[in-house]
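Data block for final-v2.txt (compact mmCIF, C-alpha atoms):
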# COMPACT_ATOMS: atom_id res chain seq x y z
CA MET A 1484 -47.77 11.82 18.50
CA LYS A 1485 -51.28 12.82 17.48
CA GLN A 1486 -53.16 11.34 20.41
CA GLU A 1487 -56.47 12.81 19.32
CA GLN A 1488 -56.56 10.23 16.53
CA TRP A 1489 -56.87 7.59 19.25
CA LEU A 1490 -59.93 8.98 20.92
CA GLY A 1491 -62.31 8.39 18.00
CA ALA A 1492 -64.32 5.34 17.06
CA PRO A 1493 -62.51 2.14 16.03
CA SER A 1494 -64.44 2.31 12.76
CA ALA A 1495 -62.54 5.51 11.97
CA ALA A 1496 -59.17 3.90 12.69
CA ARG A 1497 -56.85 1.68 10.67
CA ALA A 1498 -54.73 -1.04 12.26
CA VAL A 1499 -52.02 -3.45 11.15
CA VAL A 1500 -51.42 -6.81 12.83
CA VAL A 1501 -48.03 -8.32 11.98
CA GLY A 1502 -48.03 -12.11 12.31
CA GLY A 1503 -50.81 -14.40 11.12
CA GLY A 1504 -50.47 -17.20 13.67
CA ILE A 1505 -53.23 -18.14 16.11
CA MET A 1506 -52.69 -15.05 18.26
CA GLY A 1507 -52.42 -12.62 15.36
CA ALA A 1508 -55.59 -13.95 13.75
CA ASP A 1509 -57.51 -13.71 17.03
CA VAL A 1510 -56.27 -10.16 17.66
CA ALA A 1511 -57.55 -9.27 14.19
CA VAL A 1512 -61.00 -10.53 15.29
CA VAL A 1513 -60.88 -8.21 18.33
CA LEU A 1514 -60.29 -5.23 16.03
CA LEU A 1515 -62.66 -6.28 13.27
CA ARG A 1516 -65.58 -6.90 15.61
CA ALA A 1517 -65.49 -3.13 16.30
CA ARG A 1518 -65.29 -2.37 12.56
CA CYS A 1519 -61.65 -1.30 12.66
CA LYS A 1520 -60.11 -1.59 9.20
CA THR A 1521 -57.32 -4.14 9.64
CA VAL A 1522 -54.38 -5.34 7.57
CA LEU A 1523 -52.95 -8.71 8.64
CA VAL A 1524 -49.35 -9.21 7.56
CA GLU A 1525 -48.30 -12.85 7.14
CA PRO A 1526 -45.30 -13.75 4.95
CA ARG A 1527 -46.56 -17.29 4.25
CA GLN A 1528 -48.98 -16.44 1.46
CA ALA A 1529 -50.16 -20.04 1.17
CA LEU A 1530 -51.80 -19.60 4.59
CA HIS A 1531 -53.70 -16.43 3.74
CA GLN A 1532 -56.95 -18.06 2.64
CA GLY A 1533 -57.10 -20.35 5.64
CA ILE A 1534 -56.42 -17.47 8.05
CA ARG A 1535 -59.11 -15.37 6.43
CA GLU A 1536 -61.62 -18.23 6.66
CA LYS A 1537 -60.87 -18.76 10.36
CA ILE A 1538 -61.29 -15.06 11.11
CA ALA A 1539 -64.55 -15.03 9.16
CA GLU A 1540 -65.78 -18.04 11.15
CA ASN A 1541 -65.03 -16.34 14.46
CA LEU A 1542 -66.73 -13.14 13.35
CA GLN A 1543 -69.76 -15.10 12.18
CA ALA A 1544 -69.99 -16.76 15.61
CA ILE A 1545 -70.58 -13.34 17.21
CA GLU A 1546 -72.93 -12.19 14.45
CA ARG A 1547 -70.43 -9.81 12.89
CA GLY A 1548 -69.69 -11.82 9.79
CA ASP A 1549 -70.07 -8.84 7.47
CA ASN A 1550 -67.02 -7.21 9.08
CA ILE A 1551 -64.71 -9.64 7.27
CA GLY A 1552 -64.86 -7.18 4.39
CA LEU A 1553 -62.72 -4.80 6.48
CA LEU A 1554 -59.81 -7.28 6.51
CA ALA A 1555 -56.93 -7.10 4.04
CA MET A 1556 -54.02 -9.53 3.84
CA ALA A 1557 -50.41 -8.64 3.05
CA ALA A 1558 -47.23 -10.69 2.75
CA SER A 1559 -44.86 -7.97 3.97
CA ILE A 1560 -44.84 -4.68 5.85
CA ASP A 1561 -43.55 -3.20 2.59
CA GLU A 1562 -47.01 -3.78 1.07
CA VAL A 1563 -48.74 -1.64 3.72
CA ASP A 1564 -49.64 2.00 3.13
CA TRP A 1565 -48.53 3.25 6.54
CA GLN A 1566 -49.62 6.89 6.22
CA ASP A 1567 -53.13 6.29 7.58
CA VAL A 1568 -52.27 3.55 10.09
CA ASN A 1569 -53.08 4.42 13.69
CA LEU A 1570 -52.02 1.21 15.42
CA MET A 1571 -49.59 -1.63 14.72
CA ILE A 1572 -49.80 -4.76 16.88
CA GLU A 1573 -46.85 -7.15 16.64
CA CYS A 1574 -47.71 -10.87 16.99
CA VAL A 1575 -44.54 -12.42 15.53
CA PRO A 1576 -42.72 -15.41 17.11
CA GLU A 1577 -41.45 -14.91 20.66
CA SER A 1578 -37.89 -14.06 19.68
CA LEU A 1579 -36.30 -10.82 20.84
CA GLU A 1580 -34.18 -10.61 17.70
CA ILE A 1581 -37.19 -11.00 15.39
CA LYS A 1582 -39.20 -8.43 17.31
CA ARG A 1583 -36.38 -5.89 17.41
CA GLU A 1584 -35.78 -6.27 13.67
CA LEU A 1585 -39.46 -5.59 13.00
CA PHE A 1586 -39.62 -2.48 15.18
CA LYS A 1587 -36.33 -1.23 13.75
CA ALA A 1588 -37.81 -1.48 10.24
CA LEU A 1589 -41.03 0.22 11.36
CA ALA A 1590 -39.09 3.17 12.76
CA ASP A 1591 -38.55 4.26 9.16
CA LYS A 1592 -41.90 3.13 7.72
CA ALA A 1593 -44.55 4.03 10.30
CA PRO A 1594 -45.23 7.78 10.64
CA ALA A 1595 -45.05 9.60 13.97
CA HIS A 1596 -48.78 9.22 14.69
CA THR A 1597 -48.66 5.39 14.51
CA LEU A 1598 -48.64 3.68 17.89
CA LEU A 1599 -46.35 0.62 17.86
CA ALA A 1600 -47.51 -2.18 20.16
CA SER A 1601 -46.04 -5.57 21.00
CA ASN A 1602 -48.06 -8.59 22.10
CA SER A 1603 -44.96 -10.17 23.64
CA SER A 1604 -45.74 -12.21 26.75
CA SER A 1605 -42.16 -12.37 28.04
CA PHE A 1606 -40.00 -9.51 26.68
CA PRO A 1607 -40.41 -6.09 28.34
CA ILE A 1608 -41.25 -3.37 25.84
CA SER A 1609 -38.22 -1.44 27.11
CA GLN A 1610 -36.00 -4.31 25.98
CA ILE A 1611 -37.58 -4.42 22.54
CA ALA A 1612 -37.41 -0.61 22.24
CA GLN A 1613 -33.81 -0.25 23.42
CA GLY A 1614 -31.87 2.14 21.19
CA LEU A 1615 -34.80 2.84 18.85
CA PRO A 1616 -36.00 6.39 18.11
CA THR A 1617 -39.65 5.29 18.47
CA GLN A 1618 -39.52 4.47 22.22
CA GLU A 1619 -42.08 7.14 23.15
CA ARG A 1620 -44.75 5.49 20.99
CA MET A 1621 -43.81 1.87 21.70
CA ILE A 1622 -46.04 0.05 24.15
CA GLY A 1623 -46.93 -3.47 25.26
CA LEU A 1624 -50.40 -4.76 24.37
CA HIS A 1625 -50.61 -8.26 25.77
CA PHE A 1626 -53.59 -10.49 25.03
CA PHE A 1627 -54.42 -13.90 26.47
CA MET A 1628 -55.30 -16.87 24.29
CA PRO A 1629 -57.81 -17.08 22.78
CA ALA A 1630 -57.62 -13.32 22.38
CA HIS A 1631 -61.06 -12.93 20.82
CA ILE A 1632 -62.71 -14.71 23.80
CA VAL A 1633 -60.60 -13.77 26.85
CA PRO A 1634 -61.45 -10.08 27.46
CA LEU A 1635 -58.28 -8.94 29.24
CA ALA A 1636 -55.69 -6.82 27.43
CA GLU A 1637 -52.62 -5.57 29.32
CA VAL A 1638 -51.41 -2.13 28.26
CA VAL A 1639 -47.76 -2.03 29.34
CA LEU A 1640 -45.77 1.20 29.68
CA GLY A 1641 -42.04 1.23 29.18
CA PRO A 1642 -39.91 3.91 30.89
CA ALA A 1643 -40.05 6.08 27.76
CA THR A 1644 -43.67 5.39 26.73
CA ASP A 1645 -45.89 8.47 26.50
CA PRO A 1646 -48.50 7.98 29.30
CA GLY A 1647 -51.06 9.75 27.13
CA ALA A 1648 -50.61 7.10 24.47
CA ALA A 1649 -51.28 4.37 27.05
CA ASP A 1650 -54.48 6.07 28.18
CA ALA A 1651 -55.60 6.54 24.60
CA LEU A 1652 -54.85 2.91 23.69
CA SER A 1653 -56.76 1.72 26.76
CA ALA A 1654 -59.78 3.76 25.69
CA PHE A 1655 -59.49 2.36 22.16
CA MET A 1656 -59.35 -1.27 23.36
CA ARG A 1657 -62.32 -0.69 25.65
CA ARG A 1658 -64.32 0.45 22.64
CA CYS A 1659 -63.27 -2.79 20.93
CA GLY A 1660 -64.97 -4.70 23.76
CA SER A 1661 -61.78 -5.64 25.65
CA VAL A 1662 -61.02 -5.05 29.32
CA PRO A 1663 -57.71 -3.14 29.33
CA ILE A 1664 -55.57 -2.78 32.44
CA LEU A 1665 -52.58 -0.46 32.79
CA VAL A 1666 -49.25 -2.03 33.75
CA ARG A 1667 -47.43 1.07 34.96
CA LYS A 1668 -43.99 -0.55 35.35
CA ASP A 1669 -42.40 -2.77 32.73
CA VAL A 1670 -41.84 -5.81 34.96
CA PRO A 1671 -41.22 -9.33 33.56
CA GLY A 1672 -44.50 -11.17 33.00
CA PHE A 1673 -46.56 -7.99 33.48
CA ILE A 1674 -49.57 -8.68 35.77
CA GLY A 1675 -51.56 -11.65 34.53
CA ASN A 1676 -48.60 -13.94 33.97
CA ARG A 1677 -46.98 -12.97 37.26
CA LEU A 1678 -50.15 -13.95 39.11
CA GLN A 1679 -50.40 -17.18 37.11
CA HIS A 1680 -46.78 -18.11 37.79
CA ALA A 1681 -47.11 -17.35 41.49
CA LEU A 1682 -49.98 -19.84 41.61
CA GLY A 1683 -48.11 -22.27 39.36
CA ARG A 1684 -45.02 -22.23 41.57
CA GLU A 1685 -47.09 -23.29 44.58
CA ALA A 1686 -49.12 -25.81 42.57
CA PHE A 1687 -46.09 -27.63 41.14
CA SER A 1688 -44.33 -27.48 44.50
CA LEU A 1689 -47.30 -29.21 46.13
CA ILE A 1690 -47.10 -31.93 43.46
CA GLN A 1691 -43.33 -32.20 43.91
CA GLU A 1692 -43.73 -32.70 47.66
CA GLY A 1693 -46.39 -35.38 47.21
CA ILE A 1694 -49.07 -33.29 48.92
CA ALA A 1695 -51.50 -33.38 45.98
CA SER A 1696 -51.94 -34.95 42.56
CA PRO A 1697 -52.19 -32.84 39.36
CA GLU A 1698 -55.87 -33.80 39.15
CA ASP A 1699 -56.58 -32.59 42.68
CA ILE A 1700 -54.66 -29.34 42.13
CA ASP A 1701 -56.79 -28.63 39.07
CA ALA A 1702 -59.99 -29.49 40.97
CA ALA A 1703 -59.00 -27.23 43.88
CA VAL A 1704 -58.69 -24.26 41.53
CA ARG A 1705 -61.61 -24.94 39.19
CA PHE A 1706 -64.18 -25.94 41.79
CA GLY A 1707 -62.84 -24.00 44.79
CA PHE A 1708 -61.38 -20.53 44.97
CA GLY A 1709 -61.01 -20.24 41.18
CA PHE A 1710 -64.76 -20.71 40.84
CA ARG A 1711 -65.26 -17.55 42.90
CA TYR A 1712 -62.81 -15.56 40.77
CA LEU A 1713 -65.34 -15.40 37.97
CA ALA A 1714 -67.45 -13.26 40.29
CA ALA A 1715 -64.67 -11.32 42.06
CA GLY A 1716 -60.89 -11.04 41.74
CA PRO A 1717 -58.54 -11.89 44.63
CA VAL A 1718 -58.70 -8.41 46.18
CA LEU A 1719 -62.46 -7.86 45.86
CA GLN A 1720 -63.19 -11.40 47.05
CA LYS A 1721 -61.32 -10.71 50.29
CA GLU A 1722 -63.40 -7.56 50.73
CA HIS A 1723 -66.39 -9.90 50.81
CA ALA A 1724 -64.74 -12.30 53.26
CA GLY A 1725 -63.09 -9.65 55.45
CA LEU A 1726 -59.55 -8.35 55.25
CA ASP A 1727 -59.00 -9.17 58.92
CA VAL A 1728 -59.66 -12.85 58.20
CA HIS A 1729 -57.37 -12.82 55.18
CA ALA A 1730 -54.55 -10.98 56.96
CA ALA A 1731 -54.65 -13.47 59.85
CA ALA A 1732 -54.61 -16.46 57.49
CA ALA A 1733 -51.82 -14.89 55.42
CA ALA A 1734 -49.65 -14.50 58.50
CA THR A 1735 -49.92 -18.24 59.09
CA ILE A 1736 -49.67 -19.47 55.49
CA TYR A 1737 -47.17 -17.11 53.84
CA PRO A 1738 -44.09 -18.44 55.68
CA SER A 1739 -44.75 -21.97 54.38
CA LEU A 1740 -45.35 -21.04 50.74
CA SER A 1741 -42.80 -22.08 48.12
CA ASN A 1742 -40.24 -19.40 47.27
CA THR A 1743 -38.12 -21.53 44.96
CA ALA A 1744 -36.27 -19.51 42.31
CA ILE A 1745 -36.35 -22.40 39.81
CA PRO A 1746 -39.22 -24.61 38.61
CA PRO A 1747 -39.61 -27.81 40.67
CA ALA A 1748 -38.19 -30.94 39.03
CA VAL A 1749 -41.69 -32.38 38.63
CA LEU A 1750 -42.25 -29.61 36.08
CA SER A 1751 -38.78 -28.98 34.60
CA ASP A 1752 -38.13 -32.67 33.94
CA LYS A 1753 -41.21 -33.02 31.74
CA PRO A 1754 -39.85 -31.00 28.76
CA LYS A 1755 -36.45 -32.68 29.15
CA ASN A 1756 -38.19 -36.02 28.65
CA GLY A 1757 -40.25 -34.80 25.71
CA GLN A 1758 -43.45 -34.64 27.74
CA LEU A 1759 -45.03 -31.38 26.59
CA GLY A 1760 -48.71 -32.00 27.17
CA MET A 1761 -51.04 -32.10 24.17
CA LYS A 1762 -48.15 -31.31 21.80
CA SER A 1763 -46.47 -34.66 22.48
CA GLY A 1764 -49.36 -36.78 23.76
CA GLN A 1765 -48.10 -36.84 27.34
CA GLY A 1766 -47.60 -34.36 30.16
CA PHE A 1767 -49.15 -34.73 33.57
CA TYR A 1768 -52.06 -36.18 31.62
CA ALA A 1769 -52.08 -38.66 28.72
CA TRP A 1770 -53.45 -37.38 25.40
CA ASP A 1771 -54.60 -39.02 22.18
CA ASP A 1772 -56.31 -37.31 19.25
CA ALA A 1773 -59.82 -38.05 20.47
CA ARG A 1774 -59.14 -36.77 23.98
CA ILE A 1775 -57.44 -33.63 22.67
CA LYS A 1776 -60.41 -32.84 20.44
CA ALA A 1777 -62.92 -33.42 23.24
CA GLU A 1778 -60.91 -31.34 25.73
CA LYS A 1779 -60.50 -28.41 23.35
CA GLN A 1780 -64.22 -28.41 22.64
CA ARG A 1781 -65.04 -28.55 26.38
CA TYR A 1782 -62.53 -25.79 27.10
CA THR A 1783 -63.99 -23.50 24.42
CA ARG A 1784 -67.56 -24.13 25.62
CA ALA A 1785 -66.53 -23.29 29.19
CA LEU A 1786 -64.83 -20.05 28.11
CA GLN A 1787 -67.81 -18.99 26.03
CA ALA A 1788 -70.20 -19.76 28.89
CA SER A 1789 -67.99 -17.71 31.23
CA LEU A 1790 -68.08 -14.85 28.76
CA ARG A 1791 -71.86 -14.91 28.80
CA ILE A 1792 -71.84 -14.78 32.62
CA LEU A 1793 -69.51 -11.77 32.56
CA ALA A 1794 -71.41 -10.01 29.76
CA GLU A 1795 -72.97 -7.35 31.99
CA ASP A 1796 -69.52 -6.43 33.36
CA LEU A 1797 -67.83 -6.12 29.95
CA PRO A 1798 -67.55 -2.84 28.02
CA PRO A 1799 -69.88 -2.68 25.02
CA ILE A 1800 -68.33 -2.73 21.57
CA GLU A 1801 -68.55 0.81 20.20
CA PRO A 1802 -67.71 0.87 16.48
Full structure transcribed into structure tokens:
Amino acid sequence: MKQEQWLGAPSAARAVVVGGGIMGADVAVVLLRARCKTVLVEPRQALHQGIREKIAENLQAIERGDNIGLLAMAASIDEVDWQDVNLMIECVPESLEIKRELFKALADKAPAHTLLASNSSSFPISQIAQGLPTQERMIGLHFFMPAHIVPLAEVVLGPATDPGAADALSAFMRRCGSVPILVRKDVPGFIGNRLQHALGREAFSLIQEGIASPEDIDAAVRFGFGFRYLAAGPVLQKEHAGLDVHAAAAATIYPSLSNTAIPPAVLSDKPKNGQLGMKSGQGFYAWDDARIKAEKQRYTRALQASLRILAEDLPPIEP
């Protein structure tokens, strides 16, 4: 593939985002804020105007409202002129069959210089790429919701992915203002989700065993060690504290940590009983419309404030 096309400015590139849901729309904001010409493919044409308005609102919030003019909407990949497209980011529903059908179709439509990325949070890129002739230029590009606020972007290599393409995509995302990390082996959950699930397994096990309430688990993370993670990740933080101290504590604590291979009943029983959290009005917490609205507003304010704190550590947007 023509990797040199990836080392230029985002404003000289052209991208396609397939899937106009919440994630796809937010990924479009990430690209557009760096003046990357972007086509958003969403088959439900009735939603196009609303999606465009939401993207425009998010761009306006970061004082890049004029960049909405770089966005085009399409109802099908057949409507896209693929010859000048440098990057395709798939944000379709989390179904292996749907994803494989899309990439199979793109094998014939997208030229050899187009990098084909999947935002899948659960399917390894090697599984999506299996049997396709485009494996060398297929790569995972996993964002975290909301993608236009959370800086991290995981660049995931499959066994057949061209390493040069991964390096080039990382450089491109950095110029878009994201913080890319390389996931060098295509493991389930990549890095971020594996760390989250390791914490979640212990958290739900502590609830299951009656050691702590959901409220106290959340407080322990938000106002304890999680509070420090905004300043330093788990490895760097232990450099501050001393690796000797951590190693000694780990030797004592590790043997007692949960190693269950299945989710504890306190978690797995919730979906079985229709308790899905905000979606259903009940999870570990009770939700009504007013509380959902207030919590989402608080959550967004906290994320935006965190982003301001981290501003000096984030790569500048380089259109």
Checklist entry - Taking all atoms listed in the file into account, which of A:His1596, A:Tyr1737, A:Cys1519, A:Gly1502 comes nearest Ser1559 in chain A? => result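 Smallest separation from Ser1559 in chain A among the options: A:Gly1502.
Straight-line separation from CA of Ala1686 in chain A to CA of His1723 in chain A: 24.9 Å.
Of the listed residues A:Ala1612, A:Leu1635, A:Leu1514, A:Met1628, the one whose atoms come nearest to Leu1585 in chain A is A:Ala1612, with distances taken using only C-alpha atoms.
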Checklist entry - Skipping near chain neighbours, those fewer than 4 positions away, what residues fall within 8 Å of Leu1570 in chain A using all atoms listed in the file, listed as JSON, numbers by chain? => result {"A": [1497, 1498, 1499, 1597, 1598, 1599, 1600]}
Save the residues we just selected, C-alpha atoms, as a PDB file, in the coordinates of the input?
ATOM      1  CA  ARG A1497     -56.850   1.680  10.670  1.00  0.00           C
ATOM      2  CA  ALA A1498     -54.730  -1.040  12.260  1.00  0.00           C
ATOM      3  CA  VAL A1499     -52.020  -3.450  11.150  1.00  0.00           C
ATOM      4  CA  THR A1597     -48.660   5.390  14.510  1.00  0.00           C
ATOM      5  CA  LEU A1598     -48.640   3.680  17.890  1.00  0.00           C
ATOM      6  CA  LEU A1599     -46.350   0.620  17.860  1.00  0.00           C
ATOM      7  CA  ALA A1600     -47.510  -2.180  20.160  1.00  0.00           C
TER       8      ALA A1600
END
Next on the checklist: Using Å and a single decimal, report how far CA of Ala1495 in chain A sits from CA of Gln1528 in chain A.
Outcome noted: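 CA of Gln1528 in chain A sits 27.9 Å away from CA of Ala1495 in chain A.
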Checklist entry - Taking (-36.8, 6.8, 21.0) in the file's coordinates, which residues come within 12 Å, counting only C-alpha atoms, written as a PyMOL selection string? => result chain A and resi 1586-1587+1590+1595+1599+1609+1611-1622+1641-1645
Now that the selection is made, can you save its residues with C-alpha atoms as a CSV table (one decimal), in the frame of the given file?
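Output below, filename out23.csv:
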chain,number,residue,atom,x,y,z
A,1586,PHE,CA,-39.6,-2.5,15.2
A,1587,LYS,CA,-36.3,-1.2,13.8
A,1590,ALA,CA,-39.1,3.2,12.8
A,1595,ALA,CA,-45.0,9.6,14.0
A,1599,LEU,CA,-46.4,0.6,17.9
A,1609,SER,CA,-38.2,-1.4,27.1
A,1611,ILE,CA,-37.6,-4.4,22.5
A,1612,ALA,CA,-37.4,-0.6,22.2
A,1613,GLN,CA,-33.8,-0.2,23.4
A,1614,GLY,CA,-31.9,2.1,21.2
A,1615,LEU,CA,-34.8,2.8,18.8
A,1616,PRO,CA,-36.0,6.4,18.1
A,1617,THR,CA,-39.6,5.3,18.5
A,1618,GLN,CA,-39.5,4.5,22.2
A,1619,GLU,CA,-42.1,7.1,23.2
A,1620,ARG,CA,-44.8,5.5,21.0
A,1621,MET,CA,-43.8,1.9,21.7
A,1622,ILE,CA,-46.0,0.0,24.2
A,1641,GLY,CA,-42.0,1.2,29.2
A,1642,PRO,CA,-39.9,3.9,30.9
A,1643,ALA,CA,-40.0,6.1,27.8
A,1644,THR,CA,-43.7,5.4,26.7
A,1645,ASP,CA,-45.9,8.5,26.5
6 Å per side around range 1653-1670 of chain A: axis-aligned box centre and edge lengths, as JSON:
{"center_x": -53.4, "center_y": -1.0, "center_z": 28.1, "size_x": 35.1, "size_y": 21.6, "size_z": 26.4}
Checklist entry - Pick the closest to Val1510 in chain A from A:Ala1529, A:Leu1790, A:Leu1624, A:Met1556: which is it, counting all atoms listed in the file? => result A:Leu1624
Next on the checklist: Can you tell me which residues surround range 1543-1549 of chain A at a distance of at most 12 Å, considering only C-alpha atoms, apart from same-chain residues fewer than 2 positions away, and format the answer as a ChimeraX atom specification?
Outcome noted: /A:1512-1518,1535-1541,1551-1554,1631-1632,1787,1790-1791,1800,1802
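The nearest approach to Phe1673 in chain A among the residues A:Ala1654, A:Ala1636, A:Met1571, A:Ala1703, with all atoms listed in the file taken into account, belongs to A:Ala1636.
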Item to check | Point (-46.9, 3.0, 7.6), cut-off 6 Å, counting all atoms listed in the file, residues as a list of chain:residue names | outcome: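 Here is the list of nearby residues: A:Asp1564, A:Trp1565, A:Gln1566, A:Val1568, A:Lys1592, A:Ala1593, A:Pro1594.
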Checklist entry - In Å to one decimal, how far is CA of Asp1772 in chain A from CA of Ala1788 in chain A? => result 24.4 Å
Next on the checklist: Quick one: residues within 9 Å of range 1693-1701 of chain A, only C-alpha atoms, excluding same-chain residues fewer than 6 positions away - as an NGL selection string?
Outcome noted: :A and (1686-1687 or 1767-1768)
